[in-house]
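What follows is a single structure, written as structure tokens, with notes after it.
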Amino acid sequence: MLLLIGITLISFLLTQAVPGDPALANLGQHPTPESIRAFHEKYGLDDPLPVQYVNYLGNLVQGDLGVSQQTHQPVTDDLSKLVPATAELAVFAIVFSTIFGVGFGVLAALKRDRAVDHGLRVFTLAGISVPMFWLGLLGLYLFFFKWGLLPGGGRLDPTTTPPTDVTGFNTVDALLDGNLNTFWDAFKHLILPGGVLVLYSVSLISRYTRSAVLEVLHADYVRAARAKGLSEFTVVTRYILRAALPSIVTVMGLVFANVLAGAVLVENIFNWPGIGQYAYKSAVSLDLPAIMGVSIFIALVYVIVNLIVDLLYAVIDPRVRLS
Amino acid sequence: MSALLELQGLSIRLPTPAGSRAVVHEVDLAVEAGQIYGIAGESGSGKTMTMLSLLGLLPRGGTVHGRASFAGRDILSADKKARQALRGRDLSMVFQDPMTSLHPMLTVGKQLTEHARKHLGLSKGEAAARAAQMLEDVRIPDGEAALRAYPHEFSGGMRQRIAIAIALMCEPQILIADEPTTALDVTVQAGILALLDRLRREKGMAVVLITHDLGVMSSIAERISVMYAGRVIESGDARDVLKQPSHPYTRGLLGSLPQPGLGAGTELRSIPGVPASPLDPPRGCAFHPRCALAVDACKEGVPPLLRRGDHAAACIVTMRDVASEEVVA
């Protein structure tokens, strides 16, 4: 709770510290003094800062994030429309990067210093070092412009019938409709932006998993498990992976944060109508209520993810449960 | 008749940064059913590696040469599946440190039953019943509740009992106990040793007891082999070896046991020098740089195991009488 108040305070002060007048940024090329004054009046921009902040908090606890100066919609409405798109992208990225990241990490650790390990090391190092925006542009150039294999942006082709809105995930909704064409189209739109996010996350998870596995690979209990005559598969999954799981969960928290941050870049490159793009648009137009709303939302998600990670530790490791 | 477990000329090579090195040389051992066989020697003498090689659990890149047979079957040339089926079922091993040899995140019950279900095809209920019984056998109170507990809820001695129970789940014919009491308090030690001895008598199982503690050895072992720098340098009936040690190294080991009666102020005796590195042993008898009896000939060839009746030692000085006989023969 204290954390959330801190977040609101910091993001509030940061938005105030930005030079420039939101009125000028929003009223077009030649605003009249009257329209500027009206704008200031409407959004309460002339009140003293503490008053503005307390007003904001008061509205916040009632679930009111203010009205976006850009879309003229309540920020909460904007967010609820955009969050599913980002969530779909994030879930796609996290699911795939977990599967492949853990797989690659275990493989690299088991084949330590062999060709597979070296190959994966180069791959993951590249995945971590290459900037996401560059990768996004490269993907766009190759797969869309050059080869025409994948769509260049958006969530669906304009010609595709959008699915009935149930979860807000186009892929899931399309499946619920039983409409495979729409599903496939939605999935194809996910591949490039999702792939860019996956490549980074998969590298991060893979490197952490590898070192976590190496740490327990020669543990006494792993040798004891082999001495019991368990199959290699059981030894790896039940003994090694289980022991490495806390480290993997930790990096998952990190990955989640990275995916959210990456979403701002990726959504802009691929014209993905999610909160990343919204954040960018509101930042360039100094749309203070929207910036605050996005910041608070992302911070809230982040706090929840960290809470889940902490709870998972207790589920995974019985020794944590006691203390 | 052939022994239950028999090693002939077993050698082990391990990869090192400086290339492959032999760490165990030409080890011969014969363990009879129902026997407690002690293997003594300090750290790095190759005791553990010898036993791990039998299970096929050498570190990556390690190779075994020579012969090892279990109940008449060759185990070194058996395929992976066959050895996996042998491990934990006929040949079980208990490791040194009970604090690290149990998985901290799996319940005791899971760790007790998983291999029994695999090897013996027991149902979940049967395996659990057997596990609870096994915990009673190793004197863990309230076995039923212990099955649901995690290792950190037990003390070191209890954990070692649990580890032993795990090893005994499939009623193995041989239990290899690698320093099972080293990490434990003396009082707990005695309990574990008594337990091993009782289980041997009740279940007719052979125990290979690896230890560097000759005091432990003297209390329960029937036969003893002493290893130094990867070789067996003395072996024989436990009483003979401990009462009349023939190799200077064994004498040194026995001499360095602290005697409770002597009181404070008595200087503890130790073997001078440092243990020979198994990777780069001295030429000739590996013990000669630390040996008070060493003669020039000790630096020449590796001394063979010389037999006096049932008792063998690899020393050309103390076994001089036999040495000349064998040379004649």
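A note on labels: chains of the structure tokens are A, B, ... as shown, every chain counts residues from 1, and ligands are counted from 1 in their shown order.
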Could you name the residues that touch segment 209-223 of chain B at 8 Å or less, counting only C-alpha atoms, but leaving out those on the same chain fewer than 6 positions away, as a PDB file with N, CA, C and O atoms, in the first residue's frame?
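The file below, around34.pdb, is the result:
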ATOM      1  N   GLN B  35      28.278 -60.121   4.727  1.00  0.00           N
ATOM      2  CA  GLN B  35      29.512 -59.702   5.379  1.00  0.00           C
ATOM      3  C   GLN B  35      29.576 -58.184   5.514  1.00  0.00           C
ATOM      4  O   GLN B  35      29.001 -57.471   4.704  1.00  0.00           O
ATOM      5  N   ILE B  36      30.270 -57.727   6.558  1.00  0.00           N
ATOM      6  CA  ILE B  36      30.573 -56.297   6.601  1.00  0.00           C
ATOM      7  C   ILE B  36      32.025 -56.125   6.203  1.00  0.00           C
ATOM      8  O   ILE B  36      32.933 -56.648   6.852  1.00  0.00           O
ATOM      9  N   TYR B  37      32.199 -55.449   5.093  1.00  0.00           N
ATOM     10  CA  TYR B  37      33.535 -55.304   4.533  1.00  0.00           C
ATOM     11  C   TYR B  37      33.965 -53.847   4.685  1.00  0.00           C
ATOM     12  O   TYR B  37      33.299 -52.942   4.184  1.00  0.00           O
ATOM     13  N   GLY B  38      35.038 -53.631   5.375  1.00  0.00           N
ATOM     14  CA  GLY B  38      35.492 -52.264   5.592  1.00  0.00           C
ATOM     15  C   GLY B  38      36.547 -51.853   4.584  1.00  0.00           C
ATOM     16  O   GLY B  38      37.454 -52.619   4.273  1.00  0.00           O
ATOM     17  N   ILE B  39      36.398 -50.650   4.054  1.00  0.00           N
ATOM     18  CA  ILE B  39      37.453 -50.094   3.210  1.00  0.00           C
ATOM     19  C   ILE B  39      37.929 -48.820   3.892  1.00  0.00           C
ATOM     20  O   ILE B  39      37.145 -47.892   4.103  1.00  0.00           O
ATOM     21  N   ALA B  40      39.209 -48.809   4.264  1.00  0.00           N
ATOM     22  CA  ALA B  40      39.735 -47.671   4.995  1.00  0.00           C
ATOM     23  C   ALA B  40      40.722 -46.905   4.131  1.00  0.00           C
ATOM     24  O   ALA B  40      41.217 -47.413   3.128  1.00  0.00           O
ATOM     25  N   GLY B  41      40.994 -45.700   4.543  1.00  0.00           N
ATOM     26  CA  GLY B  41      41.946 -44.889   3.793  1.00  0.00           C
ATOM     27  C   GLY B  41      41.554 -43.441   3.910  1.00  0.00           C
ATOM     28  O   GLY B  41      40.397 -43.131   4.180  1.00  0.00           O
ATOM     29  N   GLU B  42      42.533 -42.551   3.724  1.00  0.00           N
ATOM     30  CA  GLU B  42      42.192 -41.141   3.898  1.00  0.00           C
ATOM     31  C   GLU B  42      41.541 -40.564   2.644  1.00  0.00           C
ATOM     32  O   GLU B  42      41.415 -41.252   1.634  1.00  0.00           O
ATOM     33  N   SER B  43      41.130 -39.309   2.737  1.00  0.00           N
ATOM     34  CA  SER B  43      40.454 -38.668   1.604  1.00  0.00           C
ATOM     35  C   SER B  43      41.337 -38.733   0.367  1.00  0.00           C
ATOM     36  O   SER B  43      42.537 -38.518   0.451  1.00  0.00           O
ATOM     37  N   LYS B  47      38.669 -44.667  -2.391  1.00  0.00           N
ATOM     38  CA  LYS B  47      37.630 -45.552  -1.853  1.00  0.00           C
ATOM     39  C   LYS B  47      36.293 -45.278  -2.521  1.00  0.00           C
ATOM     40  O   LYS B  47      35.618 -46.187  -3.026  1.00  0.00           O
ATOM     41  N   THR B  48      35.909 -43.998  -2.492  1.00  0.00           N
ATOM     42  CA  THR B  48      34.593 -43.644  -3.009  1.00  0.00           C
ATOM     43  C   THR B  48      34.509 -43.860  -4.515  1.00  0.00           C
ATOM     44  O   THR B  48      33.517 -44.382  -5.025  1.00  0.00           O
ATOM     45  N   ILE B 176      26.269 -50.140   0.114  1.00  0.00           N
ATOM     46  CA  ILE B 176      27.554 -49.452   0.176  1.00  0.00           C
ATOM     47  C   ILE B 176      27.352 -48.211   1.025  1.00  0.00           C
ATOM     48  O   ILE B 176      26.540 -47.345   0.684  1.00  0.00           O
ATOM     49  N   ALA B 177      28.036 -48.148   2.153  1.00  0.00           N
ATOM     50  CA  ALA B 177      27.871 -47.009   3.048  1.00  0.00           C
ATOM     51  C   ALA B 177      29.159 -46.197   3.014  1.00  0.00           C
ATOM     52  O   ALA B 177      30.187 -46.630   3.511  1.00  0.00           O
ATOM     53  N   ASP B 178      29.079 -45.031   2.378  1.00  0.00           N
ATOM     54  CA  ASP B 178      30.269 -44.202   2.199  1.00  0.00           C
ATOM     55  C   ASP B 178      30.377 -43.219   3.359  1.00  0.00           C
ATOM     56  O   ASP B 178      29.664 -42.226   3.392  1.00  0.00           O
ATOM     57  N   GLU B 179      31.233 -43.513   4.290  1.00  0.00           N
ATOM     58  CA  GLU B 179      31.427 -42.672   5.465  1.00  0.00           C
ATOM     59  C   GLU B 179      30.093 -42.285   6.093  1.00  0.00           C
ATOM     60  O   GLU B 179      29.806 -41.093   6.257  1.00  0.00           O
ATOM     61  N   PRO B 180      29.271 -43.251   6.431  1.00  0.00           N
ATOM     62  CA  PRO B 180      27.907 -42.907   6.857  1.00  0.00           C
ATOM     63  C   PRO B 180      27.865 -42.175   8.186  1.00  0.00           C
ATOM     64  O   PRO B 180      26.847 -41.589   8.533  1.00  0.00           O
ATOM     65  N   THR B 182      30.565 -40.121   9.388  1.00  0.00           N
ATOM     66  CA  THR B 182      31.584 -39.084   9.517  1.00  0.00           C
ATOM     67  C   THR B 182      30.998 -37.734   9.903  1.00  0.00           C
ATOM     68  O   THR B 182      31.579 -36.991  10.682  1.00  0.00           O
ATOM     69  N   LEU B 193      25.881 -47.363  13.394  1.00  0.00           N
ATOM     70  CA  LEU B 193      26.649 -48.588  13.194  1.00  0.00           C
ATOM     71  C   LEU B 193      25.883 -49.800  13.707  1.00  0.00           C
ATOM     72  O   LEU B 193      25.824 -50.843  13.046  1.00  0.00           O
ATOM     73  N   ASP B 197      24.620 -53.037  11.542  1.00  0.00           N
ATOM     74  CA  ASP B 197      24.936 -54.400  11.933  1.00  0.00           C
ATOM     75  C   ASP B 197      23.667 -55.225  12.120  1.00  0.00           C
ATOM     76  O   ASP B 197      23.584 -56.372  11.685  1.00  0.00           O
ATOM     77  N   SER B 235      45.132 -55.894   3.183  1.00  0.00           N
ATOM     78  CA  SER B 235      43.782 -56.406   3.376  1.00  0.00           C
ATOM     79  C   SER B 235      43.846 -57.732   4.107  1.00  0.00           C
ATOM     80  O   SER B 235      44.858 -58.425   4.091  1.00  0.00           O
ATOM     81  N   GLY B 236      42.754 -58.041   4.759  1.00  0.00           N
ATOM     82  CA  GLY B 236      42.710 -59.289   5.499  1.00  0.00           C
ATOM     83  C   GLY B 236      41.578 -59.279   6.497  1.00  0.00           C
ATOM     84  O   GLY B 236      40.726 -58.384   6.484  1.00  0.00           O
ATOM     85  N   ASP B 237      41.572 -60.282   7.340  1.00  0.00           N
ATOM     86  CA  ASP B 237      40.601 -60.376   8.404  1.00  0.00           C
ATOM     87  C   ASP B 237      40.710 -59.139   9.299  1.00  0.00           C
ATOM     88  O   ASP B 237      41.808 -58.692   9.619  1.00  0.00           O
ATOM     89  N   ALA B 238      39.584 -58.578   9.695  1.00  0.00           N
ATOM     90  CA  ALA B 238      39.611 -57.312  10.436  1.00  0.00           C
ATOM     91  C   ALA B 238      40.484 -57.402  11.679  1.00  0.00           C
ATOM     92  O   ALA B 238      41.275 -56.509  11.973  1.00  0.00           O
ATOM     93  N   ARG B 239      40.352 -58.506  12.421  1.00  0.00           N
ATOM     94  CA  ARG B 239      41.132 -58.612  13.652  1.00  0.00           C
ATOM     95  C   ARG B 239      42.631 -58.630  13.363  1.00  0.00           C
ATOM     96  O   ARG B 239      43.408 -57.932  14.006  1.00  0.00           O
ATOM     97  N   LEU B 242      43.858 -55.150  12.231  1.00  0.00           N
ATOM     98  CA  LEU B 242      43.879 -54.130  13.276  1.00  0.00           C
ATOM     99  C   LEU B 242      44.831 -54.488  14.413  1.00  0.00           C
ATOM    100  O   LEU B 242      45.432 -53.602  15.022  1.00  0.00           O
ATOM    101  N   LEU B 253      48.100 -45.216  10.728  1.00  0.00           N
ATOM    102  CA  LEU B 253      46.690 -44.874  10.940  1.00  0.00           C
ATOM    103  C   LEU B 253      46.238 -45.285  12.330  1.00  0.00           C
ATOM    104  O   LEU B 253      45.604 -44.523  13.048  1.00  0.00           O
ATOM    105  N   LEU B 254      46.593 -46.519  12.703  1.00  0.00           N
ATOM    106  CA  LEU B 254      46.186 -47.008  14.026  1.00  0.00           C
ATOM    107  C   LEU B 254      46.877 -46.215  15.121  1.00  0.00           C
ATOM    108  O   LEU B 254      46.283 -45.896  16.142  1.00  0.00           O
ATOM    109  N   LEU B 257      45.205 -42.884  16.137  1.00  0.00           N
ATOM    110  CA  LEU B 257      43.911 -42.835  16.822  1.00  0.00           C
ATOM    111  C   LEU B 257      44.107 -42.234  18.202  1.00  0.00           C
ATOM    112  O   LEU B 257      44.976 -42.657  18.945  1.00  0.00           O
TER     113      LEU B 257
END
Using only C-alpha atoms, what does the table of chain A residues within 8 Å of chain B look like, with each row giving the shortest atom pair and its distance in Å to one decimal, sorted by chain and ascending number, as a Markdown table?
| residue | atom | partner | partner_atom | distance |
| --- | --- | --- | --- | --- |
| A:Ala219 | CA | B:Thr100 | CA | 7.4 |
| A:Asp220 | CA | B:Ser101 | CA | 4.7 |
| A:Tyr221 | CA | B:Ser101 | CA | 4.1 |
| A:Val222 | CA | B:His103 | CA | 7.8 |
| A:Arg223 | CA | B:Leu57 | CA | 7.7 |
| A:Ala224 | CA | B:Ser101 | CA | 6.2 |
| A:Arg226 | CA | B:Leu57 | CA | 7.6 |
| A:Ala227 | CA | B:Arg87 | CA | 5.6 |
| A:Lys228 | CA | B:Gly88 | CA | 3.9 |
| A:Gly229 | CA | B:Arg87 | CA | 4.5 |
| A:Leu230 | CA | B:His115 | CA | 6.3 |
| A:Ser231 | CA | B:Gln84 | CA | 7.2 |
| A:Tyr239 | CA | B:His103 | CA | 7.1 |
| A:Arg242 | CA | B:Met105 | CA | 7.6 |
| A:Ala243 | CA | B:Met105 | CA | 7.2 |
| A:Ile316 | CA | B:Met105 | CA | 7.1 |
| A:Asp317 | CA | B:Met105 | CA | 5.4 |
| A:Pro318 | CA | B:Met105 | CA | 6.0 |
| A:Arg319 | CA | B:His152 | CA | 7.1 |
Original post:
Out of B:Arg198, B:Lys299, B:Arg73, B:Arg269, which residue has the shortest atom-to-atom distance to Pro282 of chain B when counting only C-alpha atoms?
Top reply: B:Lys299
**OP:** For segment 44-61 of chain A, list every protein, DNA or RNA residue within 9 Å, evaluated using only C-alpha atoms, and leave out those in the same chain fewer than 4 positions away; present the list as a VMD selection string.
**Re:** chain A and resid 5 8 to 9 12 to 13 16 39 to 40 65 to 66
Subject >> Exercise: Val274 of chain B partners within 12 Å, only C-alpha atoms, chain neighbours under 5 positions left out, as a list in words >> reply: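 Residues near the query, excluding close chain neighbours: Glu42, Ser43, Gly44, Tyr228, Ala229, Pro281, Pro282, Ala286, Phe287, His288, Pro289, Arg290 and Cys291 of chain B.
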The selected residues should be written to file as an mmCIF file, in the first residue's frame (atoms: C-alpha atoms).
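Final output, again.cif:
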data_model
loop_
_atom_site.group_PDB
_atom_site.id
_atom_site.type_symbol
_atom_site.label_atom_id
_atom_site.label_comp_id
_atom_site.auth_asym_id
_atom_site.auth_seq_id
_atom_site.Cartn_x
_atom_site.Cartn_y
_atom_site.Cartn_z
ATOM 1 C CA GLU B 42 42.192 -41.141 3.898
ATOM 2 C CA SER B 43 40.454 -38.668 1.604
ATOM 3 C CA GLY B 44 41.488 -39.033 -1.985
ATOM 4 C CA TYR B 228 46.433 -45.506 -0.149
ATOM 5 C CA ALA B 229 46.879 -43.380 -3.272
ATOM 6 C CA PRO B 281 51.866 -40.311 -6.788
ATOM 7 C CA PRO B 282 55.537 -40.704 -5.893
ATOM 8 C CA ALA B 286 53.448 -44.242 -2.940
ATOM 9 C CA PHE B 287 53.923 -44.188 0.814
ATOM 10 C CA HIS B 288 57.726 -44.195 0.889
ATOM 11 C CA PRO B 289 58.245 -40.421 1.384
ATOM 12 C CA ARG B 290 56.297 -40.633 4.666
ATOM 13 C CA CYS B 291 57.534 -44.027 5.767
#
**OP:** With a distance cut-off of 9 Å and only C-alpha atoms, select the neighbouring residues of Val294 of chain A, excluding the residue or stretch itself and same-chain residues fewer than 5 positions from it, and output the selection as an MDAnalysis selection string.
**Re:** chainID A and resid 75 79 275:276 278:279 289 299
The selected residues should be written to file as a PDB file, in the first residue's frame (atoms: N, CA, C and O atoms).
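selection28.pdb written:
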ATOM      1  N   VAL A  75      -9.416   7.699 -18.444  1.00  0.00           N
ATOM      2  CA  VAL A  75      -8.220   6.865 -18.619  1.00  0.00           C
ATOM      3  C   VAL A  75      -8.539   5.405 -18.330  1.00  0.00           C
ATOM      4  O   VAL A  75      -8.031   4.501 -18.985  1.00  0.00           O
ATOM      5  N   LEU A  79      -7.651   2.301 -20.689  1.00  0.00           N
ATOM      6  CA  LEU A  79      -6.834   1.176 -20.233  1.00  0.00           C
ATOM      7  C   LEU A  79      -7.568  -0.150 -20.412  1.00  0.00           C
ATOM      8  O   LEU A  79      -7.011  -1.115 -20.924  1.00  0.00           O
ATOM      9  N   ILE A 275      -1.234  -0.902 -24.206  1.00  0.00           N
ATOM     10  CA  ILE A 275      -0.904   0.202 -23.316  1.00  0.00           C
ATOM     11  C   ILE A 275       0.501   0.747 -23.570  1.00  0.00           C
ATOM     12  O   ILE A 275       0.802   1.866 -23.184  1.00  0.00           O
ATOM     13  N   GLY A 276       1.355  -0.035 -24.224  1.00  0.00           N
ATOM     14  CA  GLY A 276       2.681   0.478 -24.552  1.00  0.00           C
ATOM     15  C   GLY A 276       2.577   1.629 -25.528  1.00  0.00           C
ATOM     16  O   GLY A 276       3.200   2.684 -25.358  1.00  0.00           O
ATOM     17  N   TYR A 278      -0.086   3.354 -26.060  1.00  0.00           N
ATOM     18  CA  TYR A 278      -0.838   4.400 -25.367  1.00  0.00           C
ATOM     19  C   TYR A 278       0.118   5.238 -24.517  1.00  0.00           C
ATOM     20  O   TYR A 278       0.045   6.477 -24.514  1.00  0.00           O
ATOM     21  N   ALA A 279       1.020   4.538 -23.823  1.00  0.00           N
ATOM     22  CA  ALA A 279       1.980   5.241 -22.969  1.00  0.00           C
ATOM     23  C   ALA A 279       2.838   6.182 -23.808  1.00  0.00           C
ATOM     24  O   ALA A 279       3.083   7.330 -23.444  1.00  0.00           O
ATOM     25  N   PRO A 289      -2.876  12.859 -17.223  1.00  0.00           N
ATOM     26  CA  PRO A 289      -3.703  11.802 -16.607  1.00  0.00           C
ATOM     27  C   PRO A 289      -3.404  10.428 -17.211  1.00  0.00           C
ATOM     28  O   PRO A 289      -3.346   9.437 -16.499  1.00  0.00           O
ATOM     29  N   ALA A 299       2.874  -0.241 -12.478  1.00  0.00           N
ATOM     30  CA  ALA A 299       3.459  -0.454 -11.155  1.00  0.00           C
ATOM     31  C   ALA A 299       2.636  -1.464 -10.364  1.00  0.00           C
ATOM     32  O   ALA A 299       3.180  -2.347  -9.695  1.00  0.00           O
TER      33      ALA A 299
END
**OP:** Write out as number ranges by chain each polymer residue whose atoms come within 8 Å of Asn258 of chain A, counting only C-alpha atoms; drop sequence neighbours fewer than 4 positions from it.
**Re:** A: 201, 254, 262
Original post:
If we count only C-alpha atoms, what is near Phe133 of chain A at a cut-off of 8 Å, once residues fewer than 4 positions away on the same chain are taken out, given as a VMD selection string?
Top reply: chain A and resid 137 265 to 266 269
Subject >> Which residue of A:Gln29, A:Gln62, A:Thr71, A:Thr164 approaches Ser282 of chain A most closely, using only C-alpha atoms >> reply: A:Thr71
**OP:** Give me, please, the distance in Å between atom CA of Leu89 of chain A and atom CA of Ile191 of chain A, quoted to one decimal.
**Re:**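 That distance, rounded to one decimal, is 9.2 Å.
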Subject >> Residue list (helix (DSSP H, G or I), DSSP) for segment 94-314 of chain B, as a VMD selection string >> reply: chain B and resid 108 to 120 124 to 137 143 to 148 151 to 153 156 to 168 186 to 203 214 to 220 238 to 243 248 to 255 260 to 262 288 to 290 296 to 299
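Of the residues listed (A:Ala85, A:Ala109, A:Ala93, A:Ile248), A:Ala109 shows the shortest atom-to-atom separation from His218 of chain A; distances use only C-alpha atoms.
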Subject >> Distance in Å - atom CA of Leu24 of chain A versus atom CA of Trp272 of chain A >> reply: 27.3 Å
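Straight-line separation from atom CA of Leu138 of chain A to atom CA of Leu204 of chain A: 20.6 Å.
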